[in-house]
$ cat data_5.tsv   # TSV, C-alpha atoms and all ligand atoms
chain	number	residue	atom	x	y	z
A	110	MET	CA	5.86	239.46	92.13
A	111	ARG	CA	3.80	242.54	93.04
A	112	ARG	CA	1.82	242.13	96.24
A	113	LYS	CA	-1.85	242.81	95.60
A	114	LEU	CA	-3.50	245.77	97.30
A	115	VAL	CA	-7.23	246.11	97.91
A	116	ALA	CA	-8.27	249.58	99.03
A	117	GLY	CA	-11.79	250.57	100.00
A	118	ASN	CA	-12.99	254.06	99.10
A	119	TRP	CA	-15.91	254.75	101.37
A	120	LYS	CA	-16.65	258.07	99.62
A	121	MET	CA	-19.10	260.18	101.68
A	122	HIS	CA	-20.75	257.30	103.53
A	123	GLY	CA	-20.87	256.16	107.12
A	124	SER	CA	-21.45	257.20	110.70
A	125	LEU	CA	-19.68	256.42	113.95
A	126	ALA	CA	-22.27	253.72	114.59
A	127	THR	CA	-22.18	252.00	111.19
A	128	ASN	CA	-18.40	252.36	110.79
A	129	ALA	CA	-17.77	250.48	114.01
A	130	GLY	CA	-19.22	247.25	112.69
A	131	LEU	CA	-17.71	247.69	109.24
A	132	LEU	CA	-14.20	248.33	110.56
A	133	GLN	CA	-14.42	245.38	112.95
A	134	GLY	CA	-15.75	243.12	110.21
A	135	VAL	CA	-12.93	244.07	107.85
A	136	ARG	CA	-10.28	243.79	110.55
A	137	ASP	CA	-11.41	240.31	111.55
A	138	GLY	CA	-12.22	239.16	108.02
A	139	VAL	CA	-8.85	239.89	106.47
A	140	ALA	CA	-6.65	238.83	109.39
A	141	GLY	CA	-3.98	236.52	108.02
A	142	LEU	CA	-4.73	237.18	104.34
A	143	ALA	CA	-1.69	237.59	102.08
A	144	ALA	CA	-3.04	240.69	100.29
A	145	GLU	CA	-2.47	244.20	101.54
A	146	VAL	CA	-5.71	245.90	102.60
A	147	ALA	CA	-6.61	249.53	103.25
A	148	VAL	CA	-9.71	251.64	103.83
A	149	CYS	CA	-9.96	255.29	102.80
A	150	VAL	CA	-12.53	256.89	105.09
A	151	PRO	CA	-14.03	260.40	105.35
A	152	TYR	CA	-11.76	262.78	107.29
A	153	PRO	CA	-13.86	262.93	110.50
A	154	TYR	CA	-13.55	259.16	110.88
A	155	LEU	CA	-9.76	258.87	110.59
A	156	ALA	CA	-9.38	258.74	114.36
A	157	GLN	CA	-12.03	256.05	114.57
A	158	ALA	CA	-10.32	254.05	111.80
A	159	ARG	CA	-6.98	254.33	113.54
A	160	ALA	CA	-8.41	253.19	116.86
A	161	ALA	CA	-10.22	250.26	115.24
A	162	LEU	CA	-7.42	249.12	112.93
A	163	ASP	CA	-4.21	249.87	114.82
A	164	GLY	CA	-2.18	246.69	115.16
A	165	SER	CA	-4.12	244.90	112.42
A	166	ASN	CA	-3.07	244.22	108.84
A	167	VAL	CA	-5.50	246.86	107.54
A	168	ALA	CA	-4.07	250.29	106.74
A	169	TRP	CA	-6.16	253.43	106.55
A	170	GLY	CA	-6.11	256.58	104.53
A	171	ALA	CA	-7.98	259.57	103.18
A	172	GLN	CA	-9.82	260.27	99.95
A	173	ASP	CA	-8.08	263.53	99.10
A	174	VAL	CA	-5.38	265.86	100.43
A	175	SER	CA	-4.65	269.57	100.08
A	176	GLU	CA	-1.91	270.61	97.70
A	177	HIS	CA	-0.81	273.10	100.38
A	178	ALA	CA	1.25	272.30	103.46
A	179	GLN	CA	-0.62	274.72	105.77
A	180	GLY	CA	-2.23	278.12	105.86
A	181	ALA	CA	-5.41	280.02	105.12
A	182	TYR	CA	-7.19	277.34	103.09
A	183	THR	CA	-10.56	276.98	104.79
A	184	GLY	CA	-11.95	273.49	104.62
A	185	GLU	CA	-8.74	271.84	103.43
A	186	VAL	CA	-6.77	269.06	105.13
A	187	SER	CA	-3.00	268.78	104.78
A	188	GLY	CA	-0.80	265.75	104.30
A	189	ALA	CA	0.83	266.39	107.67
A	190	MET	CA	-2.60	266.21	109.32
A	191	LEU	CA	-3.24	262.88	107.64
A	192	ALA	CA	0.18	261.67	108.79
A	193	ASP	CA	-0.76	262.75	112.32
A	194	PHE	CA	-3.60	260.24	112.19
A	195	GLY	CA	-1.36	257.45	110.91
A	196	CYS	CA	-2.67	257.45	107.35
A	197	ARG	CA	-0.65	255.36	104.95
A	198	TYR	CA	-2.58	256.39	101.82
A	199	ALA	CA	-4.41	259.30	100.26
A	200	ILE	CA	-6.41	259.02	97.07
A	201	VAL	CA	-5.62	261.85	94.63
A	202	GLY	CA	-7.37	262.65	91.38
A	203	HIS	CA	-10.47	260.56	91.92
A	204	SER	CA	-12.81	261.22	89.00
A	205	GLU	CA	-15.42	262.63	91.40
A	206	ARG	CA	-12.87	265.23	92.53
A	207	ARG	CA	-11.87	265.93	88.95
A	208	SER	CA	-15.43	266.35	87.70
A	209	TYR	CA	-17.26	267.95	90.66
A	210	TYR	CA	-14.51	269.92	92.41
A	211	GLY	CA	-12.32	271.14	89.60
A	212	ASP	CA	-9.23	269.06	90.34
A	213	THR	CA	-7.25	269.57	87.15
A	214	ASP	CA	-4.29	267.43	86.13
A	215	ALA	CA	-2.02	270.16	87.55
A	216	VAL	CA	-3.86	270.26	90.89
A	217	VAL	CA	-3.76	266.47	91.11
A	218	ALA	CA	-0.01	266.50	90.50
A	219	ALA	CA	0.41	269.11	93.25
A	220	LYS	CA	-1.68	266.99	95.65
A	221	PHE	CA	0.38	263.92	94.75
A	222	GLU	CA	3.54	265.82	95.63
A	223	ALA	CA	2.06	267.20	98.86
A	224	ALA	CA	1.02	263.74	100.01
A	225	GLN	CA	4.48	262.32	99.44
A	226	LYS	CA	6.14	265.25	101.21
A	227	ALA	CA	4.11	264.29	104.27
A	228	GLY	CA	5.09	260.63	103.99
A	229	ILE	CA	1.72	259.54	102.62
A	230	VAL	CA	1.51	257.15	99.67
A	231	PRO	CA	-0.71	258.69	96.98
A	232	ILE	CA	-3.18	256.48	95.14
A	233	LEU	CA	-3.33	258.31	91.82
A	234	CYS	CA	-6.61	257.75	89.95
A	235	VAL	CA	-6.77	257.97	86.19
A	236	GLY	CA	-9.55	257.03	83.80
A	237	GLU	CA	-11.61	258.03	80.83
A	238	THR	CA	-15.25	259.03	80.52
A	239	LEU	CA	-17.68	257.10	78.36
A	240	ALA	CA	-17.48	259.79	75.66
A	241	GLU	CA	-13.70	259.52	75.66
A	242	ARG	CA	-13.81	255.73	75.38
A	243	GLU	CA	-16.27	255.96	72.52
A	244	ALA	CA	-14.01	258.50	70.83
A	245	ASN	CA	-11.13	256.01	71.15
A	246	VAL	CA	-8.97	258.35	73.21
A	247	THR	CA	-8.71	256.23	76.38
A	248	ALA	CA	-4.94	255.75	76.13
A	249	GLU	CA	-4.36	259.46	75.45
A	250	VAL	CA	-6.49	260.48	78.44
A	251	VAL	CA	-4.84	258.20	81.00
A	252	THR	CA	-1.39	259.02	79.60
A	253	ARG	CA	-2.10	262.75	79.89
A	254	GLN	CA	-3.26	262.29	83.51
A	255	LEU	CA	-0.14	260.26	84.32
A	256	ASP	CA	2.21	262.61	82.48
A	257	ALA	CA	1.05	265.56	84.58
A	258	VAL	CA	2.38	263.75	87.66
A	259	LEU	CA	5.50	262.44	85.96
A	260	SER	CA	6.51	265.85	84.70
A	261	ARG	CA	5.99	267.54	88.07
A	262	CYS	CA	7.23	264.82	90.42
A	263	GLY	CA	9.44	262.55	88.32
A	264	ILE	CA	9.67	258.82	87.85
A	265	ALA	CA	11.31	258.21	91.25
A	266	ALA	CA	8.21	259.67	92.92
A	267	LEU	CA	5.96	257.35	90.94
A	268	ALA	CA	7.86	254.44	92.45
A	269	ARG	CA	6.51	255.52	95.86
A	270	SER	CA	2.90	255.58	94.76
A	271	VAL	CA	0.02	253.42	93.62
A	272	VAL	CA	-1.93	254.04	90.42
A	273	ALA	CA	-5.62	253.20	90.07
A	274	TYR	CA	-7.31	252.88	86.70
A	275	GLU	CA	-10.94	253.83	87.17
A	276	PRO	CA	-12.97	254.13	83.98
A	277	VAL	CA	-15.53	256.80	84.87
A	278	TRP	CA	-18.32	254.91	83.10
A	279	ALA	CA	-17.76	251.92	85.40
A	280	ILE	CA	-17.88	253.81	88.70
A	281	GLY	CA	-21.02	253.15	90.70
A	282	THR	CA	-22.85	252.03	87.58
A	283	GLY	CA	-22.70	248.28	88.00
A	284	ARG	CA	-21.06	248.28	84.57
A	285	THR	CA	-17.59	246.81	85.02
A	286	ALA	CA	-14.80	246.97	82.46
A	287	SER	CA	-14.27	243.48	81.11
A	288	PRO	CA	-11.01	241.88	82.25
A	289	GLU	CA	-9.68	242.36	78.71
A	290	GLN	CA	-10.68	246.04	78.56
A	291	ALA	CA	-9.10	246.72	81.95
A	292	GLN	CA	-5.96	244.73	81.19
A	293	GLU	CA	-5.43	246.66	77.95
A	294	VAL	CA	-5.40	250.01	79.77
A	295	HIS	CA	-3.32	248.68	82.68
A	296	ALA	CA	-0.73	247.44	80.19
A	297	ALA	CA	-0.72	250.83	78.46
A	298	ILE	CA	-0.13	252.58	81.78
A	299	ARG	CA	2.74	250.24	82.62
A	300	ALA	CA	4.22	250.70	79.14
A	301	ARG	CA	4.12	254.48	79.55
A	302	VAL	CA	5.94	254.21	82.89
A	303	ALA	CA	8.44	251.75	81.39
A	304	ARG	CA	9.41	254.39	78.84
A	305	ASP	CA	10.88	256.35	81.76
A	306	ASP	CA	12.07	253.42	83.90
A	307	ALA	CA	11.48	249.73	83.31
A	308	GLY	CA	12.21	248.80	86.92
A	309	VAL	CA	9.69	251.28	88.31
A	310	ALA	CA	7.12	250.03	85.80
A	311	ALA	CA	7.65	246.41	86.77
A	312	ALA	CA	7.19	247.14	90.48
A	313	LEU	CA	4.32	249.65	90.18
A	314	ARG	CA	0.99	248.51	91.56
A	315	ILE	CA	-1.91	249.41	89.26
A	316	LEU	CA	-5.33	248.87	90.84
A	317	TYR	CA	-8.60	248.57	88.96
A	318	GLY	CA	-11.66	250.43	90.22
A	319	GLY	CA	-15.20	250.53	88.89
A	320	SER	CA	-17.98	248.22	90.11
A	321	MET	CA	-15.53	245.61	91.37
A	322	LYS	CA	-17.42	243.09	93.50
A	323	PRO	CA	-16.94	239.55	94.83
A	324	ALA	CA	-18.36	238.05	91.61
A	325	ASN	CA	-15.85	239.70	89.27
A	326	ALA	CA	-12.83	240.45	91.48
A	327	ALA	CA	-10.90	237.23	90.95
A	328	GLU	CA	-11.14	237.37	87.17
A	329	LEU	CA	-10.09	241.02	87.05
A	330	MET	CA	-7.19	240.53	89.44
A	331	ALA	CA	-5.99	237.46	87.52
A	332	GLN	CA	-4.98	239.77	84.65
A	333	ALA	CA	-1.24	240.23	84.27
A	334	ASP	CA	-1.22	243.98	84.98
A	335	ILE	CA	-4.05	244.26	87.54
A	336	ASP	CA	-2.51	244.41	90.98
A	337	GLY	CA	-5.58	244.86	93.11
A	338	GLY	CA	-8.69	246.96	93.40
A	339	LEU	CA	-10.03	250.32	94.52
A	340	ILE	CA	-13.47	249.47	95.78
A	341	GLY	CA	-16.42	251.84	96.22
A	342	GLY	CA	-19.86	250.39	96.89
A	343	ALA	CA	-18.67	246.91	97.82
A	344	ALA	CA	-16.32	248.39	100.45
A	345	LEU	CA	-19.37	249.41	102.51
A	346	VAL	CA	-20.38	245.79	103.14
A	347	ALA	CA	-17.80	243.96	105.24
A	348	ALA	CA	-18.54	240.53	103.79
A	349	ASP	CA	-18.23	241.79	100.21
A	350	PHE	CA	-15.04	243.72	100.87
A	351	VAL	CA	-13.50	240.77	102.69
A	352	ALA	CA	-14.45	238.45	99.81
A	353	ILE	CA	-12.66	240.77	97.36
A	354	CYS	CA	-9.60	240.82	99.63
A	355	ALA	CA	-9.68	237.03	99.75
A	356	ALA	CA	-9.79	236.92	95.95
A	357	ALA	CA	-6.64	239.05	95.91
A	358	ALA	CA	-4.78	236.93	98.43
A	401	LIG	P1	-17.65	251.56	92.77
A	401	LIG	O1	-16.88	250.35	93.22
A	401	LIG	O2	-18.82	251.90	93.63
A	401	LIG	O3	-17.96	251.49	91.30
A	401	LIG	O4	-16.64	252.82	92.93
A	401	LIG	C1	-15.37	252.71	92.42
A	401	LIG	C2	-14.58	253.88	92.89
A	401	LIG	O5	-14.83	255.01	92.50
A	401	LIG	C3	-13.53	253.65	93.87
A	401	LIG	O6	-12.74	254.78	94.05
$ encode --input "data_5.tsv" --output "structure tokens"
Amino acid sequence: MRRKLVAGNWKMHGSLATNAGLLQGVRDGVAGLAAEVAVCVPYPYLAQARAALDGSNVAWGAQDVSEHAQGAYTGEVSGAMLADFGCRYAIVGHSERRSYYGDTDAVVAAKFEAAQKAGIVPILCVGETLAEREANVTAEVVTRQLDAVLSRCGIAALARSVVAYEPVWAIGTGRTASPEQAQEVHAAIRARVARDDAGVAAALRILYGGSMKPANAAELMAQADIDGGLIGGAALVAADFVAICAAAA
């Protein structure tokens, strides 16, 4: 049985003042729950997240990582720096990075590798745009995104990661994939991984992300191949995030 994981992606939201209440609310709200919980916060707040969550059952992480280990890369943050702040996770290949910041499949694979080299578990995001879904190429798109990582890092590396299926058309739109639509893609992802290694595929956690909220979380996470959620908007409200974690537990 795969243990469910609910990870919050705060994106570029928050302040020291608002984070304090949110972190405390999540910490208290999920204490004792059987699901694994994490929050991926903006870089400047990693120290605050560590201080607030240390010793709790909530892990913390970042929303991106440099593909480089160190050097003259102004504005970038390395995996080792994230490890210094006790990060367990780093999101790589979020669709907002892919579409606004030019993170290609190759760059995402390099970031995946860099995170693992630093001991950070990458949360690899894949997902199709609305145009791609309407053109019936969803499976090809997510397979291509996955294959870029598999060919660079190998199947053993995938075993030390988490995958998140995030249909771009469902992110921040209030338009959620139906449980059947999500399950179909999750199953395709697992089948692709099983082609390389059935054991890795069976153990791999595949999260769903895209307008997941308390009202739809339980139904989505009841699907056979949905092992948790990557939560945007609802992760900014402690009660909502905690309710999603409870649905996973
Ligand atoms: P929303 O939950 O706001 O749709 O965002 C999903 C997401 O992009 C998480 O990474």
$ atom_distance --input "data_5.tsv" --atom1 "CA of Ser270 (chain A)" --atom2 "CA of Arg314 (chain A)"
8.0 Å
$ closest_residue --input "data_5.tsv" --among "A:Ala273, A:Ala189, A:Val258, A:Leu329" --to "Ser175 (chain A)" --atoms "all atoms listed in the file"
A:Ala189
$ closest_residue --input "data_5.tsv" --among "A:Lys120, A:Arg253, A:Arg301, A:Arg111" --to "Ile340 (chain A)" --atoms "only C-alpha atoms"
A:Lys120
$ atom_distance --input "data_5.tsv" --atom1 "CA of Pro153 (chain A)" --atom2 "CA of Val217 (chain A)"
22.1 Å
$ closest_residue --input "data_5.tsv" --among "A:Asn325, A:Ser287, A:Thr213, A:Thr252" --to "Ala300 (chain A)" --atoms "only C-alpha atoms"
A:Thr252
$ residues_near_ligand --input "data_5.tsv" --ligand "ligand LIG 401 (chain A)" --cutoff "8 Å" --atoms "all atoms listed in the file" --output "list in words"
Gly117, Asn118, Trp119, Lys120, His203, Ser204, Glu205, Cys234, Glu275, Val277, Ala279, Ile280, Gly281, Thr282, Gly283, Thr285, Gly318, Gly319, Ser320, Met321, Lys322, Leu339, Ile340, Gly341, Gly342, Ala343 and Ala344 of chain A
$ residues_around --input "data_5.tsv" --residues "Ala192 (chain A)" --least-positions-apart "2" --cutoff "10 Å" --atoms "all atoms listed in the file" --output "ChimeraX atom specification"
/A:170,187-190,194-199,224,227-229
$ residues_around --input "data_5.tsv" --residues "Val186 (chain A)" --least-positions-apart "3" --cutoff "10 Å" --atoms "all atoms listed in the file" --output "PDB file with C-alpha atoms, in the coordinates of the input"
ATOM      1  CA  TYR A 152     -11.760 262.780 107.290  1.00  0.00           C
ATOM      2  CA  ALA A 171      -7.980 259.570 103.180  1.00  0.00           C
ATOM      3  CA  ASP A 173      -8.080 263.530  99.100  1.00  0.00           C
ATOM      4  CA  VAL A 174      -5.380 265.860 100.430  1.00  0.00           C
ATOM      5  CA  SER A 175      -4.650 269.570 100.080  1.00  0.00           C
ATOM      6  CA  GLU A 176      -1.910 270.610  97.700  1.00  0.00           C
ATOM      7  CA  HIS A 177      -0.810 273.100 100.380  1.00  0.00           C
ATOM      8  CA  ALA A 178       1.250 272.300 103.460  1.00  0.00           C
ATOM      9  CA  GLN A 179      -0.620 274.720 105.770  1.00  0.00           C
ATOM     10  CA  TYR A 182      -7.190 277.340 103.090  1.00  0.00           C
ATOM     11  CA  THR A 183     -10.560 276.980 104.790  1.00  0.00           C
ATOM     12  CA  ALA A 189       0.830 266.390 107.670  1.00  0.00           C
ATOM     13  CA  MET A 190      -2.600 266.210 109.320  1.00  0.00           C
ATOM     14  CA  LEU A 191      -3.240 262.880 107.640  1.00  0.00           C
TER      15      LEU A 191
END
$ atom_distance --input "data_5.tsv" --atom1 "CA of Ile315 (chain A)" --atom2 "CA of Ala140 (chain A)"
23.2 Å
$ closest_residue --input "data_5.tsv" --among "A:Glu237, A:Arg284, A:Ala215, A:Ala303" --to "Cys262 (chain A)" --atoms "all atoms listed in the file"
A:Ala215
$ axis_aligned_box --input "data_5.tsv" --around "region 320-324 of chain A" --padding-each-side "5 Å" --output "lines of an AutoDock Vina configuration file"
center_x = -16.9
center_y = 243.1
center_z = 92.5
size_x = 12.8
size_y = 20.2
size_z = 14.7
$ closest_residue --input "data_5.tsv" --among "A:Arg299, A:His122, A:Arg207, A:Arg136" --to "Ala168 (chain A)" --atoms "all atoms listed in the file"
A:Arg136
$ residues_around --input "data_5.tsv" --residues "Ile335 (chain A)" --least-positions-apart "3" --cutoff "12 Å" --atoms "only C-alpha atoms" --output "PDB file with C-alpha atoms, keeping the file's coordinate frame"
ATOM      1  CA  MET A 110       5.860 239.460  92.130  1.00  0.00           C
ATOM      2  CA  ARG A 111       3.800 242.540  93.040  1.00  0.00           C
ATOM      3  CA  ARG A 112       1.820 242.130  96.240  1.00  0.00           C
ATOM      4  CA  LYS A 113      -1.850 242.810  95.600  1.00  0.00           C
ATOM      5  CA  LEU A 114      -3.500 245.770  97.300  1.00  0.00           C
ATOM      6  CA  VAL A 115      -7.230 246.110  97.910  1.00  0.00           C
ATOM      7  CA  VAL A 271       0.020 253.420  93.620  1.00  0.00           C
ATOM      8  CA  VAL A 272      -1.930 254.040  90.420  1.00  0.00           C
ATOM      9  CA  ALA A 273      -5.620 253.200  90.070  1.00  0.00           C
ATOM     10  CA  TYR A 274      -7.310 252.880  86.700  1.00  0.00           C
ATOM     11  CA  GLU A 275     -10.940 253.830  87.170  1.00  0.00           C
ATOM     12  CA  PRO A 288     -11.010 241.880  82.250  1.00  0.00           C
ATOM     13  CA  GLU A 289      -9.680 242.360  78.710  1.00  0.00           C
ATOM     14  CA  GLN A 290     -10.680 246.040  78.560  1.00  0.00           C
ATOM     15  CA  ALA A 291      -9.100 246.720  81.950  1.00  0.00           C
ATOM     16  CA  GLN A 292      -5.960 244.730  81.190  1.00  0.00           C
ATOM     17  CA  GLU A 293      -5.430 246.660  77.950  1.00  0.00           C
ATOM     18  CA  VAL A 294      -5.400 250.010  79.770  1.00  0.00           C
ATOM     19  CA  HIS A 295      -3.320 248.680  82.680  1.00  0.00           C
ATOM     20  CA  ALA A 296      -0.730 247.440  80.190  1.00  0.00           C
ATOM     21  CA  ALA A 297      -0.720 250.830  78.460  1.00  0.00           C
ATOM     22  CA  ILE A 298      -0.130 252.580  81.780  1.00  0.00           C
ATOM     23  CA  ARG A 299       2.740 250.240  82.620  1.00  0.00           C
ATOM     24  CA  ALA A 311       7.650 246.410  86.770  1.00  0.00           C
ATOM     25  CA  ALA A 312       7.190 247.140  90.480  1.00  0.00           C
ATOM     26  CA  LEU A 313       4.320 249.650  90.180  1.00  0.00           C
ATOM     27  CA  ARG A 314       0.990 248.510  91.560  1.00  0.00           C
ATOM     28  CA  ILE A 315      -1.910 249.410  89.260  1.00  0.00           C
ATOM     29  CA  LEU A 316      -5.330 248.870  90.840  1.00  0.00           C
ATOM     30  CA  TYR A 317      -8.600 248.570  88.960  1.00  0.00           C
ATOM     31  CA  GLY A 318     -11.660 250.430  90.220  1.00  0.00           C
ATOM     32  CA  ALA A 326     -12.830 240.450  91.480  1.00  0.00           C
ATOM     33  CA  ALA A 327     -10.900 237.230  90.950  1.00  0.00           C
ATOM     34  CA  GLU A 328     -11.140 237.370  87.170  1.00  0.00           C
ATOM     35  CA  LEU A 329     -10.090 241.020  87.050  1.00  0.00           C
ATOM     36  CA  MET A 330      -7.190 240.530  89.440  1.00  0.00           C
ATOM     37  CA  ALA A 331      -5.990 237.460  87.520  1.00  0.00           C
ATOM     38  CA  GLN A 332      -4.980 239.770  84.650  1.00  0.00           C
ATOM     39  CA  GLY A 338      -8.690 246.960  93.400  1.00  0.00           C
ATOM     40  CA  LEU A 339     -10.030 250.320  94.520  1.00  0.00           C
ATOM     41  CA  ALA A 357      -6.640 239.050  95.910  1.00  0.00           C
TER      42      ALA A 357
END
